[in-house]
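Below you'll find the structure, written out as structure tokens, and then a few comments.
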Number of protein chains: 2
Amino acid sequence: MTVRHLDAFFRPASIALIVAFNRRGSIGAILARNLFGGGYEGPIWPVNPRHRRMRGAKVYRDLDQLPQPPDLGVICAPPDAVPPLIADLGRQGARAAVVVTADFAEAREARGSALRAELVETARTHGLRMMGPNGLGILVPGIGLNASFAHRPARPGNLAFVAQSGAIITSVLDWADGRGIGFSALVSLGDMADVDFGDLLDYLAADTATRAILLYIESVGNARKFLSAARAASRVKPVVVVKGGRHPEGVRAEASNTGALAGSDAVCQAAFDRAAILRVFTLAELFDAVEILALARPPKGDRLAILTNGAGVGVLATDALIDEGGRLASLSRTTLTALDQILPSTWSQGNPVDLIGDATGERYRDALTVVQKDPGVDGILALHCPTAVVSALDTAEAVAAAA
Amino acid sequence: MTVRHLDAFFRPASIALIVAFNRRGSIGAILARNLFGGGYEGPIWPVNPRHRRMRGAKVYRDLDQLPQPPDLGVICAPPDAVPPLIADLGRQGARAAVVVTADFAEAREARGSALRAELVETARTHGLRMMGPNGLGILVPGIGLNASFAHRPARPGNLAFVAQSGAIITSVLDWADGRGIGFSALVSLGDMADVDFGDLLDYLAADTATRAILLYIESVGNARKFLSAARAASRVKPVVVVKGGRHPEGVRAEASNTGALAGSDAVCQAAFDRAAILRVFTLAELFDAVEILALARPPKGDRLAILTNGAGVGVLATDALIDEGGRLASLSRTTLTALDQILPSTWSQGNPVDLIGDATGERYRDALTVVQKDPGVDGILALHCPTAVVSALDTAEAVAAAA
């Protein structure tokens with residue numbers, strides 16, 4: 001299967017870095033900085049005909065000068081130069097190549113042109129898998145691999161994020177860093193001339209370092225491959241997707257030109273449903289999903305108990321739960337009786353459990369202890385509104401201790 | 001009209017503060033601290049039979065000992081004590097009373113009971129308007145009035161926020177403070193025994209200190225009054241609503257018992273549409289609305305131009321725009337030609353205007369200058385994704401300068 005080949009992207013034995021431009025602040029220079037500075041422990045061989053040293057390492061004039069065949073090639077060069085480089089890499093025995101953008105303007109012109117077809121044909125002929133062109137690259141923080149021109153590194157973790165937009169990857173990186181959230185991999189697919197979502201879903205479903213898979217999709221690539229890979233992946237781990245271009249106005253001109261966007265949003269939704277993929281609609285929701293998947297244990301089921309010190313926010317949380325197809329847990333008679341004993345007589349007598357506005361951290365703790373024991377409760381959401389009469393910190397500590 | 005009476009809540013000439021309990025950390029003590037510490041310049045007369053001084057002020061034994069008739073009464077007392085106090089206030093000539101909660105547990109029992117009917121009847125008999133019971137109180141930061149037991153003060157500003165949940169008011173206060181957002185008024189309606197959303201909409205529509213009105217509603221109270229007030233208010237300023245209890249599961253037991261929730265969510269939506277109220281669905285969206293209304297000028301129309309350095313986020317923004325009924329502006333031939341001259345040849349050639357990933361602050365500034373002149377553009381959304389090649393700060397400064 002193709003999955004084996006993809007291993008060269010995620011666990012390369014060695015890397016040839018082919019950077020055409022190396023001026024300060026250029027994409028090539030940032031790529032070299034990231035790759036050499038990421039902590040990757042295998043050999044990195046820079047290739048460039050005009051430079052002697054790069055980041056302290058010896059630069060090879062040509063691919064055939066390398067001490068050994070490279071496993072992965074990372075290419076940052078003008079479009080015209082890429083197909084011969086792919087062919088060279090293939091001849092040397094490389095299994096994979098990441099093609100990032102040498103210059104946004106130049107590389108964009110390659111889209112949809114004969115050059116793209118030539119690229120794909122060359123890669124296939126030489127048995128090479130290719131990521132890109134026009135991607136940001138790939139980051140595998142667990143092994144220190146940063147073959148990207150991202151503006152900041154990623155922390156190691158167990159979420160995989162695969163996106164058709166490099167800009168969305170850098171936005172996620174910024175956001176995640178402040179929250180201490182890490183990733184097993186971040187992959188920018190770029191134009192998806194070869195490697196696409198189906199490939200990545202296949203690979204990441206089997207990747208033990210990945211606990212959940214997040215996707216930003218504009219067009220799925222090979223729809224049949226995507227669907228079967230998504231169904232298989234979602235059986236073993238959560239798959240969350242944001243689909244960009246839900247309205248015709250939002251679809252990029254290029255995407256519709258390539259014909260990759262086969263159908264309407266309803267078709268996509270049906271496909272996501274069939275594949276048991278969780279769809280979210282905004283970057284904010286994707287961020288929420290990332291945070292929950294990174295920090296929380298998956299609940300056993302869909303029956304939620306809500307604890308709150310303000311009825312209004314309990315109402316809003318219930319609305320949101322029902323919107324998303326969840327259920328309010330029915331508290332058992334035992335639970336209700338136990339809550340009666342520890343809560344003011346005016347508590348809500350049901351779920352959401354309104355602990356009343358003067359609820360202390362202690363009251364939260366007692367109620368959590370009771371509700372956690374209810375076999376009809378799969379998860380608990382604890383809400384807190386600031387009040388003048390009790391300390392929010394006490395409540396936060398009580399909830400953290402119970403979790 | 002009733003609106004004139006409401007002036008005693010928002011611009012009281014004097015205040016009688018009737019606090020039954022005054023122990024440290026109690027609701028009554030916090031209410032006294034807030035009222036005396038808020039900066040209100042009129043006289044505040046505390047009334048309590050057992051204390052001599054409160055916050056440095058002389059305490060009156062009884063309402064009839066006050067030097068003058070109070071304009072507004074603020075009452076924090078057990079439910080049984082409230083109707084006689086309302087009657088006393090009325091006899092003294094007070095026009096309005098805010099009834100906050102003396103003790104959450106005690107006050108809740110008053111709900112739906114004969115006591116509530118007695119309260120309303122007493123207030124009507126004595127020609128007094130009453131806010132509450134069971135509310136957090138009212139804040140009018142512009143005159144330093146803080147007749148609430150909120151945990152922090154509010155900044156002066158020009159947004160009015162009216163909520164049926166005190167907890168949501170305190171959450172909004174926390175959030176707004178960090179962003180420097182101010183309010184013309186924050187009103188917690190509590191059980192809405194008398195003053196309800198219709199009254200407040202009438203008053204705030206005419207209030208020159210209020211530029212926009214935000215509502216958190218669970219039940220509208222008098223539906224006919226609400227609709228006519230909402231239609232009148234939304235003609236003169238934006239009215240934004242979050243409706244809690246959209247699903248039967250989310251409806252509080254008390255609310256459905258009082259019968260105030262007349263119909264399904266579809267009925268509410270129809271009413272909001274008819275009244276030209278903007279509905280949002282989550283607290284996060286309400287916060288967005290607050291921030292936009294507080295900090296941005298209203299656009300001339302619904303034709304938006306989007307500037308971005310990442311196509312993916314342009315796609316997502318377009319989706320969100322179309323979802324909400326907005327439109328992408330059609331850029332004029334003049335604009336397109338001008339953009340051709342300042343952007344790389346590979347720019348998106350339309351709206352969203354993809355400035356390409358290496359866009360500098362200067363490129364943003366140039367493009368904004370061109371797009372701002374297009375008569376077919378009512379508003380511009382500038383998006384920026386972090387990149388390693390340019391400074392986000394430069395871009396932010398360029399956009400801020402253009403705005």
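By convention here, the chains of the structure tokens are called A, B, ... in the order presented, each chain's residues are numbered starting at 1, and ligands are numbered starting at 1 in the order presented.
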
Every residue of segment 173-369 of chain B that DSSP places in strand (DSSP E), as a PyMOL selection string: chain B and resi 182-188+212-217+239-243+278-280+303-308+327-328+353-354

Exercise answer, chain B residues close to chain A, 6 Å and only C-alpha atoms, as a PyMOL selection string: chain B and resi 25+105+150-151+165+167+170-171+244-247+250+310+312+315-316+318-319+346+385-389

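Residue neighbourhood of Gln341 of chain B, excluding near-sequence residues (fewer than 5 positions): Thr334, Thr335, Leu336, Thr346, Trp347, Gln349, Arg363, Asp366, Ala367 and Val370 of chain B, at 12 Å, using only C-alpha atoms.
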
Among the residues B:Ile380, B:Val74, B:Ala154, B:Leu35, the one that comes closest to Arg55 of chain B [using only C-alpha atoms]: B:Leu35

Non-local contacts of Asp302 of chain B (8 Å; only C-alpha atoms; under 3 positions in same chain excluded) as a count of residues only: 5

Helix (DSSP H, G or I) positions in segment 27-180 of chain A, given as a PyMOL selection string: chain A and resi 27-37+63-65+79-92+104-109+114-125+141-143+166-178

Residue subset to file, keeping C-alpha atoms, as a CSV table (one decimal), in the first residue's frame:
```
chain,number,residue,atom,x,y,z
A,27,ILE,CA,11.5,30.9,2.1
A,28,GLY,CA,14.6,28.8,1.4
A,29,ALA,CA,16.6,30.3,4.2
A,30,ILE,CA,13.7,29.8,6.6
A,31,LEU,CA,13.2,26.2,5.5
A,32,ALA,CA,17.0,25.6,6.1
A,33,ARG,CA,16.8,27.3,9.5
A,34,ASN,CA,13.7,25.2,10.5
A,35,LEU,CA,15.1,21.9,9.2
A,36,PHE,CA,18.5,22.3,10.9
A,37,GLY,CA,17.1,23.9,14.0
A,63,LEU,CA,22.3,15.0,-5.7
A,64,ASP,CA,24.7,12.3,-7.0
A,65,GLN,CA,27.5,13.6,-4.7
A,79,PRO,CA,8.7,25.4,-10.7
A,80,ASP,CA,10.8,24.7,-13.9
A,81,ALA,CA,13.6,23.2,-11.8
A,82,VAL,CA,11.4,20.9,-9.8
A,83,PRO,CA,10.6,18.0,-12.2
A,84,PRO,CA,14.3,17.3,-13.0
A,85,LEU,CA,15.0,17.4,-9.2
A,86,ILE,CA,12.2,14.9,-8.6
A,87,ALA,CA,13.7,12.6,-11.3
A,88,ASP,CA,17.1,12.9,-9.8
A,89,LEU,CA,15.8,12.1,-6.3
A,90,GLY,CA,14.0,9.0,-7.7
A,91,ARG,CA,17.1,7.8,-9.5
A,92,GLN,CA,19.1,8.2,-6.2
A,104,PHE,CA,4.8,32.4,-4.0
A,105,ALA,CA,4.3,34.2,-7.3
A,106,GLU,CA,6.4,31.9,-9.4
A,107,ALA,CA,5.0,28.7,-7.9
A,108,ARG,CA,1.4,29.8,-8.3
A,109,GLU,CA,1.8,30.1,-12.0
A,114,ALA,CA,1.5,21.4,-18.0
A,115,LEU,CA,4.3,21.6,-15.4
A,116,ARG,CA,2.0,20.2,-12.8
A,117,ALA,CA,1.2,17.2,-15.0
A,118,GLU,CA,4.9,16.8,-15.7
A,119,LEU,CA,5.7,16.8,-11.9
A,120,VAL,CA,3.1,14.1,-11.2
A,121,GLU,CA,4.3,12.0,-14.1
A,122,THR,CA,7.9,12.2,-13.1
A,123,ALA,CA,7.2,11.3,-9.5
A,124,ARG,CA,5.1,8.2,-10.6
A,125,THR,CA,7.8,7.1,-13.1
A,141,PRO,CA,7.6,17.5,16.3
A,142,GLY,CA,8.1,14.1,18.1
A,143,ILE,CA,11.3,13.5,16.0
A,166,GLY,CA,-0.6,26.8,4.9
A,167,ALA,CA,-2.0,30.0,6.3
A,168,ILE,CA,-4.4,28.0,8.4
A,169,ILE,CA,-1.5,25.8,9.7
A,170,THR,CA,0.4,28.9,10.8
A,171,SER,CA,-2.7,30.3,12.5
A,172,VAL,CA,-3.3,27.0,14.4
A,173,LEU,CA,0.4,27.0,15.4
A,174,ASP,CA,0.1,30.5,16.9
A,175,TRP,CA,-3.0,29.6,18.8
A,176,ALA,CA,-1.8,26.2,20.0
A,177,ASP,CA,1.5,27.4,21.2
A,178,GLY,CA,0.0,29.7,23.8
```

Nearest to Lys373 of chain A, chosen from A:Gly325, A:Lys237, A:Ala305, A:Leu393, with only C-alpha atoms counted in the distances: A:Ala305

Atom CA of Arg179 of chain B to atom CA of Glu397 of chain B, straight-line distance in Å: 18.8 Å

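Comparing A:Leu72, A:Ala294, A:Ile18, A:Ala230 by their smallest distance to Met54 of chain A, the closest is A:Ile18 (using only C-alpha atoms).
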
Near-Ala275 of chain B list (10 Å; only C-alpha atoms; drop same-chain fewer than 3 positions) as a PyMOL selection string: chain B and resi 226-235+239+269-272+278

Would you mind exporting the chosen residues as a tab-separated table (two decimals), in the first residue's frame, restricted to C-alpha atoms?
```tsv
chain	number	residue	atom	x	y	z
B	226	PHE	CA	-41.96	43.22	23.61
B	227	LEU	CA	-42.65	43.06	19.87
B	228	SER	CA	-43.80	46.63	19.51
B	229	ALA	CA	-40.95	47.95	21.67
B	230	ALA	CA	-38.39	45.84	19.81
B	231	ARG	CA	-39.59	47.07	16.41
B	232	ALA	CA	-39.44	50.67	17.54
B	233	ALA	CA	-36.01	50.24	19.14
B	234	SER	CA	-34.43	48.44	16.19
B	235	ARG	CA	-35.43	51.33	13.92
B	239	VAL	CA	-30.68	45.35	18.95
B	269	GLN	CA	-37.34	33.46	15.58
B	270	ALA	CA	-40.33	34.79	13.65
B	271	ALA	CA	-40.84	37.48	16.28
B	272	PHE	CA	-37.16	38.49	16.20
B	278	LEU	CA	-30.25	40.47	15.15
```

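Distances to Ala382 of chain A were evaluated for A:Ile306, A:Ala338, A:Ile138, A:Ala402 using only C-alpha atoms, and the minimum falls at A:Ile306.
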
Identify, on the basis of only C-alpha atoms, every residue whose closest approach to Ile44 of chain B does not exceed 7 Å; exclude the query and any residue fewer than 5 positions from it along the same chain; express the result as an mmCIF file with C-alpha atoms, in the first residue's frame.
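Below you can see result-v2.cif, which holds the result:
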```
data_model
loop_
_atom_site.group_PDB
_atom_site.id
_atom_site.type_symbol
_atom_site.label_atom_id
_atom_site.label_comp_id
_atom_site.auth_asym_id
_atom_site.auth_seq_id
_atom_site.Cartn_x
_atom_site.Cartn_y
_atom_site.Cartn_z
ATOM 1 C CA SER B 14 -31.777 60.061 45.447
ATOM 2 C CA ILE B 15 -31.553 56.472 46.658
ATOM 3 C CA ALA B 16 -32.842 54.680 49.739
ATOM 4 C CA LEU B 17 -30.776 51.544 50.370
#
```

Neighbour list for Ala296 of chain B as an NGL selection string, cut-off 12 Å, only C-alpha atoms, skip fewer than 4 positions in-chain: :B and (181 or 211-212 or 288-292 or 379-381 or 400 or 403)

Limited to C-alpha atoms, could you put the picked residues into a file as a compact mmCIF listing (two decimals), in the first residue's frame?
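Final output, saved to out-v8.txt:
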```txt
# COMPACT_ATOMS: atom_id res chain seq x y z
CA ILE B 181 -15.37 47.83 26.66
CA ARG B 211 -25.89 53.32 20.98
CA ALA B 212 -26.83 49.63 20.85
CA ASP B 288 -18.27 39.39 19.25
CA ALA B 289 -21.32 41.57 18.78
CA VAL B 290 -20.44 43.62 21.85
CA GLU B 291 -16.89 44.12 20.64
CA ILE B 292 -17.92 45.09 17.12
CA GLY B 379 -16.90 47.50 4.45
CA ILE B 380 -13.48 45.86 4.40
CA LEU B 381 -12.37 42.85 6.41
CA ALA B 400 -4.94 50.28 11.89
CA ALA B 403 -9.02 52.27 9.56
```

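For the set A:Pro46, A:Pro12, A:Gly73, A:Gly144, the residue with the smallest atom-to-atom gap to Val59 of chain A is A:Pro46, counting only C-alpha atoms.
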
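Of note, atom CA of Asn222 of chain B and atom CA of Glu285 of chain B are spaced 26.1 Å apart.
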